[in-house]
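Quick look at upload_25.csv (CSV, C-alpha atoms and all ligand atoms):
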chain,number,residue,atom,x,y,z
A,808,MET,CA,86.9,148.0,87.8
A,809,LYS,CA,85.5,144.4,87.3
A,810,LYS,CA,83.6,143.1,90.2
A,811,PRO,CA,85.1,139.8,91.5
A,812,VAL,CA,82.9,136.8,90.6
A,813,ALA,CA,82.4,133.9,93.0
A,814,LEU,CA,81.0,130.6,91.9
A,815,ILE,CA,79.5,128.9,95.0
A,816,THR,CA,78.1,125.4,95.0
A,817,GLY,CA,75.5,124.4,97.5
A,818,ALA,CA,74.2,128.0,97.8
A,819,SER,CA,70.6,127.0,98.4
A,820,SER,CA,71.0,126.7,102.1
A,821,GLY,CA,73.3,126.8,105.1
A,822,ILE,CA,77.0,127.8,104.8
A,823,GLY,CA,76.9,128.2,101.1
A,824,ARG,CA,73.9,130.6,101.2
A,825,GLU,CA,75.7,132.7,103.9
A,826,LEU,CA,78.9,132.7,101.8
A,827,ALA,CA,76.9,134.1,98.9
A,828,LYS,CA,75.6,136.9,101.2
A,829,VAL,CA,79.0,137.8,102.4
A,830,HIS,CA,80.4,137.9,98.9
A,831,ALA,CA,77.5,140.1,97.6
A,832,SER,CA,78.0,142.4,100.6
A,833,LYS,CA,81.6,143.0,99.6
A,834,GLY,CA,80.4,144.1,96.1
A,835,GLY,CA,80.9,140.9,94.1
A,836,ASP,CA,78.9,139.1,91.5
A,837,LEU,CA,77.9,135.5,91.8
A,838,VAL,CA,77.1,132.2,90.1
A,839,ILE,CA,75.2,130.1,92.5
A,840,VAL,CA,74.7,126.3,92.1
A,841,ALA,CA,72.5,123.7,93.8
A,842,ARG,CA,69.6,121.4,92.9
A,843,ARG,CA,66.7,123.5,94.4
A,844,GLU,CA,66.2,126.2,91.8
A,845,GLU,CA,63.4,128.0,93.7
A,846,ARG,CA,65.7,128.6,96.6
A,847,LEU,CA,68.5,129.9,94.4
A,848,ASN,CA,66.1,132.3,92.6
A,849,GLU,CA,64.9,133.6,96.0
A,850,LEU,CA,68.5,134.2,97.0
A,851,LYS,CA,69.2,135.9,93.6
A,852,GLU,CA,66.3,138.3,94.2
A,853,GLU,CA,67.4,139.1,97.7
A,854,LEU,CA,71.1,139.7,96.8
A,855,GLU,CA,70.4,141.7,93.7
A,856,SER,CA,68.0,144.0,95.4
A,857,ASN,CA,70.1,144.4,98.6
A,858,HIS,CA,73.5,144.8,97.0
A,859,GLY,CA,72.9,145.7,93.3
A,860,CYS,CA,75.1,142.7,92.2
A,861,HIS,CA,74.5,140.3,89.3
A,862,VAL,CA,73.6,136.7,90.2
A,863,ALA,CA,73.4,133.8,87.8
A,864,VAL,CA,71.5,130.8,88.9
A,865,LEU,CA,72.4,127.3,87.8
A,866,ALA,CA,70.2,124.4,89.0
A,867,LYS,CA,72.5,121.4,88.8
A,868,ASP,CA,72.8,118.0,90.5
A,869,LEU,CA,76.5,117.7,91.2
A,870,SER,CA,76.2,113.9,91.6
A,871,VAL,CA,75.5,113.7,87.9
A,872,ARG,CA,78.8,113.5,86.1
A,873,LYS,CA,78.1,115.8,83.2
A,874,SER,CA,77.0,118.6,85.5
A,875,ARG,CA,80.4,120.0,86.3
A,876,LYS,CA,81.5,120.4,82.7
A,877,GLU,CA,78.1,122.0,82.0
A,878,ILE,CA,78.7,124.5,84.7
A,879,PHE,CA,82.2,125.3,83.3
A,880,ASP,CA,80.8,125.5,79.7
A,881,TYR,CA,78.1,127.9,80.9
A,882,THR,CA,80.5,130.4,82.5
A,883,GLU,CA,82.9,130.1,79.5
A,884,SER,CA,80.1,130.7,77.0
A,885,LYS,CA,78.9,133.8,78.9
A,886,GLY,CA,82.4,135.1,79.2
A,887,ILE,CA,82.2,134.9,83.1
A,888,GLU,CA,85.6,134.9,84.6
A,889,VAL,CA,85.4,133.1,87.9
A,890,ASP,CA,87.7,134.7,90.4
A,891,TYR,CA,86.7,132.7,93.5
A,892,LEU,CA,85.6,129.1,93.2
A,893,ILE,CA,83.9,128.0,96.4
A,894,ASN,CA,83.2,124.2,96.5
A,895,ASN,CA,80.8,124.1,99.3
A,896,ALA,CA,78.1,121.5,98.3
A,897,GLY,CA,78.2,118.4,100.4
A,898,PHE,CA,76.3,116.0,102.6
A,899,GLY,CA,76.7,113.1,105.0
A,900,ALA,CA,74.8,109.9,106.0
A,901,LEU,CA,75.0,109.0,109.6
A,902,GLY,CA,74.6,105.4,110.8
A,903,PRO,CA,76.4,102.0,110.7
A,904,TYR,CA,78.4,101.7,107.4
A,905,HIS,CA,76.8,98.5,106.1
A,906,GLU,CA,73.2,99.6,106.9
A,907,GLN,CA,73.3,102.6,104.5
A,908,ASP,CA,72.1,102.6,100.9
A,909,TRP,CA,75.1,102.1,98.6
A,910,GLN,CA,73.8,104.6,96.1
A,911,ARG,CA,73.8,107.3,98.8
A,912,TYR,CA,77.5,106.7,99.4
A,913,GLN,CA,78.2,106.8,95.7
A,914,ASN,CA,76.3,110.1,95.4
A,915,MET,CA,78.2,111.4,98.4
A,916,ILE,CA,81.5,110.6,96.9
A,917,GLU,CA,80.5,112.1,93.6
A,918,VAL,CA,79.4,115.4,95.3
A,919,ASN,CA,81.9,115.7,98.2
A,920,ILE,CA,85.0,114.4,96.3
A,921,THR,CA,84.6,114.0,92.5
A,922,ALA,CA,82.6,117.2,91.7
A,923,LEU,CA,84.8,119.3,93.9
A,924,SER,CA,87.9,117.9,92.3
A,925,GLU,CA,86.6,118.3,88.8
A,926,LEU,CA,85.4,121.8,89.2
A,927,THR,CA,88.8,122.7,90.8
A,928,TRP,CA,90.6,121.1,87.8
A,929,LEU,CA,88.4,122.9,85.3
A,930,TYR,CA,88.7,126.4,86.8
A,931,LEU,CA,92.3,126.1,87.7
A,932,LYS,CA,93.2,126.2,84.0
A,933,PRO,CA,91.9,129.7,83.3
A,934,MET,CA,93.1,130.8,86.8
A,935,THR,CA,96.6,129.6,86.0
A,936,LYS,CA,96.5,131.4,82.6
A,937,ARG,CA,95.6,134.7,84.4
A,938,ASN,CA,97.8,133.9,87.4
A,939,SER,CA,95.0,134.9,89.7
A,940,GLY,CA,92.2,133.3,91.6
A,941,LYS,CA,91.0,131.8,94.9
A,942,ILE,CA,89.6,128.4,95.6
A,943,MET,CA,87.9,127.5,98.8
A,944,ASN,CA,86.9,123.9,99.5
A,945,VAL,CA,84.5,123.5,102.4
A,946,SER,CA,86.0,120.6,104.3
A,947,SER,CA,85.3,119.9,108.0
A,948,VAL,CA,87.0,119.2,111.3
A,949,ALA,CA,85.7,115.7,110.5
A,950,GLY,CA,88.5,115.5,107.9
A,951,PHE,CA,91.1,115.3,110.7
A,952,THR,CA,89.9,112.0,112.3
A,953,PRO,CA,88.2,108.7,111.3
A,954,GLY,CA,84.4,108.9,111.9
A,955,PRO,CA,82.8,105.7,113.1
A,956,ARG,CA,79.0,105.8,112.3
A,957,HIS,CA,79.8,108.5,109.7
A,958,ALA,CA,82.7,106.8,108.1
A,959,VAL,CA,82.4,107.7,104.5
A,960,TYR,CA,81.6,111.4,105.2
A,961,PHE,CA,84.6,111.8,107.4
A,962,ALA,CA,86.8,110.1,104.8
A,963,THR,CA,85.5,112.4,102.0
A,964,LYS,CA,86.5,115.4,104.2
A,965,ALA,CA,90.0,114.0,104.8
A,966,TYR,CA,90.3,113.9,101.0
A,967,VAL,CA,89.1,117.5,100.7
A,968,THR,CA,91.6,118.8,103.2
A,969,SER,CA,94.5,116.8,101.7
A,970,LEU,CA,93.7,117.8,98.1
A,971,SER,CA,93.5,121.5,99.2
A,972,GLU,CA,96.8,121.4,101.1
A,973,ALA,CA,98.6,119.7,98.2
A,974,LEU,CA,97.3,122.2,95.6
A,975,ALA,CA,98.1,125.2,97.9
A,976,GLU,CA,101.7,124.0,97.9
A,977,GLU,CA,101.8,123.3,94.2
A,978,LEU,CA,100.6,126.8,93.6
A,979,ARG,CA,102.8,128.4,96.2
A,980,ASN,CA,104.8,130.6,93.7
A,981,THR,CA,101.6,131.9,91.9
A,982,ASP,CA,98.9,134.4,92.8
A,983,ILE,CA,96.4,131.6,93.2
A,984,THR,CA,95.4,130.4,96.7
A,985,VAL,CA,93.6,127.3,97.9
A,986,THR,CA,91.9,127.2,101.3
A,987,ALA,CA,90.3,124.3,103.1
A,988,LEU,CA,87.6,125.7,105.4
A,989,CYS,CA,87.1,123.3,108.3
A,990,PRO,CA,84.0,124.1,110.3
A,991,GLY,CA,82.8,122.1,113.3
A,992,PHE,CA,79.1,121.2,113.9
A,993,THR,CA,77.0,124.0,112.3
A,994,ASP,CA,73.3,124.6,112.5
A,995,THR,CA,72.2,124.1,108.9
A,996,GLU,CA,70.1,121.6,107.0
A,997,PHE,CA,73.1,119.3,107.0
A,998,ALA,CA,71.9,117.2,110.0
A,999,GLU,CA,68.5,116.6,108.5
A,1000,ALA,CA,69.9,115.8,105.1
A,1001,GLY,CA,72.3,113.3,106.6
A,1002,ASN,CA,70.0,111.9,109.3
A,1003,ALA,CA,72.3,113.2,111.9
A,1004,GLN,CA,69.9,115.2,114.1
A,1005,ALA,CA,70.3,112.8,117.0
A,1006,ALA,CA,74.1,112.7,117.0
A,1007,ARG,CA,75.6,114.0,120.3
A,1008,GLY,CA,77.8,116.4,118.5
A,1009,MET,CA,74.9,118.3,117.0
A,1010,LYS,CA,74.3,119.8,120.5
A,1011,PHE,CA,77.4,121.9,120.0
A,1012,THR,CA,76.6,123.9,116.9
A,1013,THR,CA,77.7,127.3,115.7
A,1014,THR,CA,75.7,129.4,113.1
A,1015,PRO,CA,76.4,129.3,109.4
A,1016,ASP,CA,76.8,133.1,109.1
A,1017,LYS,CA,79.8,132.9,111.6
A,1018,VAL,CA,81.3,130.1,109.6
A,1019,ALA,CA,80.8,132.0,106.3
A,1020,GLU,CA,82.3,135.3,107.6
A,1021,TYR,CA,85.3,133.5,109.0
A,1022,GLY,CA,85.8,131.3,105.9
A,1023,TYR,CA,85.5,134.2,103.5
A,1024,ARG,CA,88.1,136.2,105.4
A,1025,ALA,CA,90.4,133.1,105.4
A,1026,MET,CA,90.0,132.7,101.7
A,1027,ILE,CA,90.8,136.3,101.0
A,1028,LYS,CA,93.9,136.1,103.1
A,1029,GLY,CA,94.9,132.9,101.3
A,1030,LYS,CA,95.1,130.8,104.5
A,1031,THR,CA,95.6,127.1,103.6
A,1032,VAL,CA,93.7,125.3,106.4
A,1033,ALA,CA,91.1,127.4,108.2
A,1034,VAL,CA,89.6,125.8,111.3
A,1035,GLU,CA,86.5,127.8,112.5
A,1036,GLY,CA,86.0,128.5,116.2
A,1037,ILE,CA,88.3,128.5,119.2
A,1038,ILE,CA,87.1,125.2,120.5
A,1039,ASN,CA,87.6,123.5,117.2
A,1040,LYS,CA,91.0,125.1,116.8
A,1041,PHE,CA,92.0,123.7,120.2
A,1042,LEU,CA,90.5,120.3,119.4
A,1043,VAL,CA,92.5,120.0,116.2
A,1044,ALA,CA,95.8,121.5,117.5
A,1045,VAL,CA,95.9,119.9,120.9
A,1046,GLY,CA,93.4,117.0,120.8
A,1047,ILE,CA,93.4,115.4,117.4
A,1048,ARG,CA,97.0,116.1,116.5
A,1049,THR,CA,98.5,114.9,119.8
A,1050,MET,CA,96.1,112.2,121.1
A,1051,PRO,CA,96.6,108.6,120.0
A,1052,ARG,CA,94.6,107.9,116.8
A,1053,LYS,CA,92.7,105.0,118.5
A,1054,LEU,CA,91.5,107.3,121.3
A,1055,ILE,CA,90.5,110.2,119.0
A,1056,THR,CA,88.5,107.6,116.9
A,1057,LYS,CA,86.6,106.6,120.0
A,1058,VAL,CA,85.9,110.3,120.9
A,1059,SER,CA,84.7,110.8,117.4
A,1060,ARG,CA,82.4,107.7,117.7
A,1061,PHE,CA,81.0,109.1,121.0
A,1062,LEU,CA,80.0,112.4,119.2
A,1063,MET,CA,78.4,110.5,116.3
A,1064,GLU,CA,76.2,108.3,118.6
A,1065,LYS,CA,72.7,109.2,119.7
A,1066,GLY,CA,72.8,111.2,122.9
B,1101,LIG,N1,76.7,121.6,109.1
B,1101,LIG,C1,77.8,121.1,109.6
B,1101,LIG,O1,77.8,120.6,110.8
B,1101,LIG,C2,79.0,121.1,108.8
B,1101,LIG,C3,80.2,120.9,109.5
B,1101,LIG,C4,81.4,120.9,108.8
B,1101,LIG,C5,81.4,121.0,107.4
B,1101,LIG,N2,80.2,121.1,106.7
B,1101,LIG,C6,80.2,121.2,105.3
B,1101,LIG,O2,79.6,122.4,104.9
B,1101,LIG,C7,79.1,122.3,103.5
B,1101,LIG,C8,77.8,122.9,103.5
B,1101,LIG,O3,76.9,122.2,104.3
B,1101,LIG,P1,75.8,122.9,105.2
B,1101,LIG,O4,76.1,122.5,106.6
B,1101,LIG,O5,75.6,124.3,104.8
B,1101,LIG,O6,74.5,121.9,104.8
B,1101,LIG,P2,73.2,122.2,104.0
B,1101,LIG,O7,72.4,123.3,104.6
B,1101,LIG,O8,72.5,120.9,103.9
B,1101,LIG,O9,73.7,122.7,102.6
B,1101,LIG,C9,74.2,121.7,101.7
B,1101,LIG,C10,74.2,122.4,100.3
B,1101,LIG,O10,74.7,121.4,99.4
B,1101,LIG,C11,73.8,121.3,98.3
B,1101,LIG,N3,73.9,120.0,97.7
B,1101,LIG,C12,73.7,118.8,98.3
B,1101,LIG,N4,73.7,117.8,97.4
B,1101,LIG,C13,73.9,118.4,96.2
B,1101,LIG,C14,73.9,117.9,94.8
B,1101,LIG,N5,73.8,116.6,94.6
B,1101,LIG,N6,74.1,118.7,93.8
B,1101,LIG,C15,74.2,120.1,94.1
B,1101,LIG,N7,74.1,120.6,95.3
B,1101,LIG,C16,74.0,119.7,96.3
B,1101,LIG,C17,72.5,121.6,98.8
B,1101,LIG,O11,71.6,122.1,97.8
B,1101,LIG,P3,70.4,121.3,97.2
B,1101,LIG,O12,69.8,120.4,98.2
B,1101,LIG,O13,69.4,122.4,96.8
B,1101,LIG,O14,71.0,120.6,96.0
B,1101,LIG,C18,72.8,122.7,99.8
B,1101,LIG,O15,72.8,123.9,99.2
B,1101,LIG,C19,79.2,120.8,103.2
B,1101,LIG,O16,80.3,120.5,102.4
B,1101,LIG,C20,79.3,120.1,104.6
B,1101,LIG,O17,79.9,118.9,104.5
B,1101,LIG,C21,79.0,121.1,107.4

As structure tokens, please, write out the structure in this file.
Amino acid sequence: MKKPVALITGASSGIGRELAKVHASKGGDLVIVARREERLNELKEELESNHGCHVAVLAKDLSVRKSRKEIFDYTESKGIEVDYLINNAGFGALGPYHEQDWQRYQNMIEVNITALSELTWLYLKPMTKRNSGKIMNVSSVAGFTPGPRHAVYFATKAYVTSLSEALAEELRNTDITVTALCPGFTDTEFAEAGNAQAARGMKFTTTPDKVAEYGYRAMIKGKTVAVEGIINKFLVAVGIRTMPRKLITKVSRFLMEKG
């Protein structure tokens, strides 16, 4: 029987790396994507020797527009059928909106929104033809609320959750599922990459392996919105969805401030 192939973006660290480990441990093959090729090659070696799987490495910068089509063309040319598309790559930029570099926002929107949307669009076509496949978009609890001091990042995640929920409904009568994985604060390289180490919320982190285990299970089950962790589930169900929007925006600001 053919092993399921997962294409995972942002597999060079954090949640993406752990997702790759979970998939390999379940007997699947992989295509792993990120900019840091050395990291990807290290992971390839580790997974191939521990699990006997096949891992293809693609060093790509997803903020570069042509990269997404290049990834798709690569898998097509190698005859690799992608069964699970995991759009995980993403980053933030903490601080007052007007003080950040515009190019950084532009890159963030390219990676968090445009690349995720384009890869989904590209891979949905063959999935639809086969009437099978799973897509997991790594969103965030941040997608449920505005995020003062992290405004663009929170807004990109609102987009990711919304797109995923809409596509899940569009595909309801097919064998293709779409999952938005919504972790809370997680101890990865994310804080450092987005200058967010000092944010209060970063004191309440979980580990990327827990997020990956949970997210992978949710994707296999075809859950549409998967909020990781009891406290996050409570915050979303009881806090964010029932509290006045102004109040939740203030709480969100409190968590994004230094503390
Ligand atoms: N950590 C958290 O608190 C948290 C909470 C909720 C959601 N999330 C989401 O979880 C996902 C994974 O983040 P993480 O926490 O695991 O952070 P991380 O350790 O910083 O991992 C981010 C990954 O994205 C890749 N990436 C960033 N920019 C890229 C680009 N231009 N092209 C290709 N790949 C790029 C990075 O690889 P290279 O640098 O090698 O390119 C890295 O593999 C993100 O979507 C993030 O928004 C994180």

Selection as a VMD selection string: residues within 6 Å of ligand LIG 1101 (chain B) by all atoms listed in the file: chain A and resid 817 to 823 841 to 843 867 to 870 895 to 898 918 945 to 947 990 to 997 1000

Proximity to Met1009 in chain A - best of A:Met943, A:Lys833, A:Leu901, A:Leu1042, only C-alpha atoms: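 Distance minimum relative to Met1009 in chain A lands on A:Leu901.
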
Distance query 9 Å from (93.8, 124.6, 99.0) using only C-alpha atoms, result as a ChimeraX atom specification: /A:941-944,967-976,978,984-988,1029-1032

What does the file look like for those residues with C-alpha atoms, as a PDB file, keeping the file's coordinate frame?
ATOM      1  CA  LYS A 941      91.000 131.800  94.900  1.00  0.00           C
ATOM      2  CA  ILE A 942      89.600 128.400  95.600  1.00  0.00           C
ATOM      3  CA  MET A 943      87.900 127.500  98.800  1.00  0.00           C
ATOM      4  CA  ASN A 944      86.900 123.900  99.500  1.00  0.00           C
ATOM      5  CA  VAL A 967      89.100 117.500 100.700  1.00  0.00           C
ATOM      6  CA  THR A 968      91.600 118.800 103.200  1.00  0.00           C
ATOM      7  CA  SER A 969      94.500 116.800 101.700  1.00  0.00           C
ATOM      8  CA  LEU A 970      93.700 117.800  98.100  1.00  0.00           C
ATOM      9  CA  SER A 971      93.500 121.500  99.200  1.00  0.00           C
ATOM     10  CA  GLU A 972      96.800 121.400 101.100  1.00  0.00           C
ATOM     11  CA  ALA A 973      98.600 119.700  98.200  1.00  0.00           C
ATOM     12  CA  LEU A 974      97.300 122.200  95.600  1.00  0.00           C
ATOM     13  CA  ALA A 975      98.100 125.200  97.900  1.00  0.00           C
ATOM     14  CA  GLU A 976     101.700 124.000  97.900  1.00  0.00           C
ATOM     15  CA  LEU A 978     100.600 126.800  93.600  1.00  0.00           C
ATOM     16  CA  THR A 984      95.400 130.400  96.700  1.00  0.00           C
ATOM     17  CA  VAL A 985      93.600 127.300  97.900  1.00  0.00           C
ATOM     18  CA  THR A 986      91.900 127.200 101.300  1.00  0.00           C
ATOM     19  CA  ALA A 987      90.300 124.300 103.100  1.00  0.00           C
ATOM     20  CA  LEU A 988      87.600 125.700 105.400  1.00  0.00           C
ATOM     21  CA  GLY A1029      94.900 132.900 101.300  1.00  0.00           C
ATOM     22  CA  LYS A1030      95.100 130.800 104.500  1.00  0.00           C
ATOM     23  CA  THR A1031      95.600 127.100 103.600  1.00  0.00           C
ATOM     24  CA  VAL A1032      93.700 125.300 106.400  1.00  0.00           C
TER      25      VAL A1032
END

Spatial neighbours of range 880-889 of chain A, 12 Å, only C-alpha atoms, chain gap at least 6 places, as a ChimeraX atom specification: /A:809-815,835-840,861-867,873-874,926-927,929-937,939-942

Using only C-alpha atoms, please write the residues we just selected to a file, as a short mmCIF file (atom, residue, chain, number, x, y, z; two decimals), keeping the file's coordinate frame.
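Saved file part-v8.cif follows:
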data_model
loop_
_atom_site.label_atom_id
_atom_site.label_comp_id
_atom_site.auth_asym_id
_atom_site.auth_seq_id
_atom_site.Cartn_x
_atom_site.Cartn_y
_atom_site.Cartn_z
CA LYS A 809 85.50 144.40 87.30
CA LYS A 810 83.60 143.10 90.20
CA PRO A 811 85.10 139.80 91.50
CA VAL A 812 82.90 136.80 90.60
CA ALA A 813 82.40 133.90 93.00
CA LEU A 814 81.00 130.60 91.90
CA ILE A 815 79.50 128.90 95.00
CA GLY A 835 80.90 140.90 94.10
CA ASP A 836 78.90 139.10 91.50
CA LEU A 837 77.90 135.50 91.80
CA VAL A 838 77.10 132.20 90.10
CA ILE A 839 75.20 130.10 92.50
CA VAL A 840 74.70 126.30 92.10
CA HIS A 861 74.50 140.30 89.30
CA VAL A 862 73.60 136.70 90.20
CA ALA A 863 73.40 133.80 87.80
CA VAL A 864 71.50 130.80 88.90
CA LEU A 865 72.40 127.30 87.80
CA ALA A 866 70.20 124.40 89.00
CA LYS A 867 72.50 121.40 88.80
CA LYS A 873 78.10 115.80 83.20
CA SER A 874 77.00 118.60 85.50
CA LEU A 926 85.40 121.80 89.20
CA THR A 927 88.80 122.70 90.80
CA LEU A 929 88.40 122.90 85.30
CA TYR A 930 88.70 126.40 86.80
CA LEU A 931 92.30 126.10 87.70
CA LYS A 932 93.20 126.20 84.00
CA PRO A 933 91.90 129.70 83.30
CA MET A 934 93.10 130.80 86.80
CA THR A 935 96.60 129.60 86.00
CA LYS A 936 96.50 131.40 82.60
CA ARG A 937 95.60 134.70 84.40
CA SER A 939 95.00 134.90 89.70
CA GLY A 940 92.20 133.30 91.60
CA LYS A 941 91.00 131.80 94.90
CA ILE A 942 89.60 128.40 95.60
#

Interatomic distance, CA of Cys860 in chain A to CA of Glu825 in chain A (Å, one decimal): 15.4 Å

Atomic separation - CA of Gly1046 in chain A relative to CA of Pro955 in chain A, Å: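 These two atoms are separated by 17.3 Å.
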
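Of the listed residues (A:Ala831, A:Leu826, A:Leu847, A:Arg1048), A:Leu826 comes nearest to Gly1022 in chain A; the distances count all atoms listed in the file.
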
One-decimal distance in Å that lies between CA of Val829 in chain A and CA of Phe1041 in chain A: 26.2 Å

Pick from A:Glu999, A:Val948, A:Arg824, A:Asp1016, whichever lies nearest to Val1034 in chain A using only C-alpha atoms: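 Going through A:Glu999, A:Val948, A:Arg824, A:Asp1016 one by one, the smallest distance to Val1034 in chain A is for A:Val948.
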
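With all atoms listed in the file as the atoms that count, the residue of A:Thr1049, A:Thr1013, A:Gln1004, A:Asn980 with the shortest distance to Ala900 in chain A is A:Gln1004.
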
Surrounding residues of Glu1064 in chain A excluding itself and chain neighbours under 5 positions, 9 Å, all atoms listed in the file, as a PyMOL selection string: chain A and resi 902+955-956+1005-1008+1059

Would you mind completing range 940-947 of chain A to all heavy atoms and writing the output as a PDB file, keeping the file's coordinate frame?
ATOM      1  N   GLY A 940      93.370 134.037  91.220  1.00  0.00           N
ATOM      2  CA  GLY A 940      92.200 133.300  91.600  1.00  0.00           C
ATOM      3  C   GLY A 940      92.268 132.736  92.983  1.00  0.00           C
ATOM      4  O   GLY A 940      93.359 132.653  93.559  1.00  0.00           O
ATOM      5  N   LYS A 941      91.098 132.405  93.512  1.00  0.00           N
ATOM      6  CA  LYS A 941      91.000 131.800  94.900  1.00  0.00           C
ATOM      7  C   LYS A 941      90.084 130.640  94.816  1.00  0.00           C
ATOM      8  O   LYS A 941      88.998 130.747  94.232  1.00  0.00           O
ATOM      9  CB  LYS A 941      90.563 132.843  95.875  1.00  0.00           C
ATOM     10  CG  LYS A 941      91.543 133.999  96.022  1.00  0.00           C
ATOM     11  CD  LYS A 941      91.294 134.815  97.256  1.00  0.00           C
ATOM     12  CE  LYS A 941      92.422 135.824  97.466  1.00  0.00           C
ATOM     13  NZ  LYS A 941      93.720 135.201  97.767  1.00  0.00           N
ATOM     14  N   ILE A 942      90.507 129.569  95.454  1.00  0.00           N
ATOM     15  CA  ILE A 942      89.600 128.400  95.600  1.00  0.00           C
ATOM     16  C   ILE A 942      89.409 128.110  97.031  1.00  0.00           C
ATOM     17  O   ILE A 942      90.382 128.095  97.799  1.00  0.00           O
ATOM     18  CB  ILE A 942      90.271 127.174  94.852  1.00  0.00           C
ATOM     19  CG1 ILE A 942      90.441 127.461  93.355  1.00  0.00           C
ATOM     20  CG2 ILE A 942      89.436 125.915  95.079  1.00  0.00           C
ATOM     21  CD1 ILE A 942      91.195 126.406  92.580  1.00  0.00           C
ATOM     22  N   MET A 943      88.158 127.946  97.402  1.00  0.00           N
ATOM     23  CA  MET A 943      87.900 127.500  98.800  1.00  0.00           C
ATOM     24  C   MET A 943      87.086 126.226  98.742  1.00  0.00           C
ATOM     25  O   MET A 943      86.024 126.168  98.110  1.00  0.00           O
ATOM     26  CB  MET A 943      87.154 128.557  99.594  1.00  0.00           C
ATOM     27  CG  MET A 943      86.934 128.063 101.033  1.00  0.00           C
ATOM     28  SD  MET A 943      86.594 129.375 102.191  1.00  0.00           S
ATOM     29  CE  MET A 943      84.904 129.722 101.799  1.00  0.00           C
ATOM     30  N   ASN A 944      87.624 125.202  99.380  1.00  0.00           N
ATOM     31  CA  ASN A 944      86.900 123.900  99.500  1.00  0.00           C
ATOM     32  C   ASN A 944      86.396 123.783 100.898  1.00  0.00           C
ATOM     33  O   ASN A 944      87.179 123.860 101.865  1.00  0.00           O
ATOM     34  CB  ASN A 944      87.897 122.789  99.152  1.00  0.00           C
ATOM     35  CG  ASN A 944      88.330 122.830  97.692  1.00  0.00           C
ATOM     36  OD1 ASN A 944      87.528 123.177  96.811  1.00  0.00           O
ATOM     37  ND2 ASN A 944      89.578 122.486  97.424  1.00  0.00           N
ATOM     38  N   VAL A 945      85.093 123.612 101.009  1.00  0.00           N
ATOM     39  CA  VAL A 945      84.500 123.500 102.400  1.00  0.00           C
ATOM     40  C   VAL A 945      84.724 122.024 102.803  1.00  0.00           C
ATOM     41  O   VAL A 945      84.099 121.099 102.286  1.00  0.00           O
ATOM     42  CB  VAL A 945      83.068 123.929 102.436  1.00  0.00           C
ATOM     43  CG1 VAL A 945      82.562 123.778 103.873  1.00  0.00           C
ATOM     44  CG2 VAL A 945      82.948 125.392 101.991  1.00  0.00           C
ATOM     45  N   SER A 946      85.667 121.867 103.730  1.00  0.00           N
ATOM     46  CA  SER A 946      86.000 120.600 104.300  1.00  0.00           C
ATOM     47  C   SER A 946      85.252 120.486 105.651  1.00  0.00           C
ATOM     48  O   SER A 946      84.108 120.947 105.771  1.00  0.00           O
ATOM     49  CB  SER A 946      87.476 120.392 104.416  1.00  0.00           C
ATOM     50  OG  SER A 946      87.774 119.090 104.825  1.00  0.00           O
ATOM     51  N   SER A 947      85.944 120.011 106.682  1.00  0.00           N
ATOM     52  CA  SER A 947      85.300 119.900 108.000  1.00  0.00           C
ATOM     53  C   SER A 947      86.383 119.500 109.007  1.00  0.00           C
ATOM     54  O   SER A 947      87.406 118.897 108.636  1.00  0.00           O
ATOM     55  CB  SER A 947      84.243 118.808 107.951  1.00  0.00           C
ATOM     56  OG  SER A 947      83.770 118.525 109.245  1.00  0.00           O
TER      57      SER A 947
END
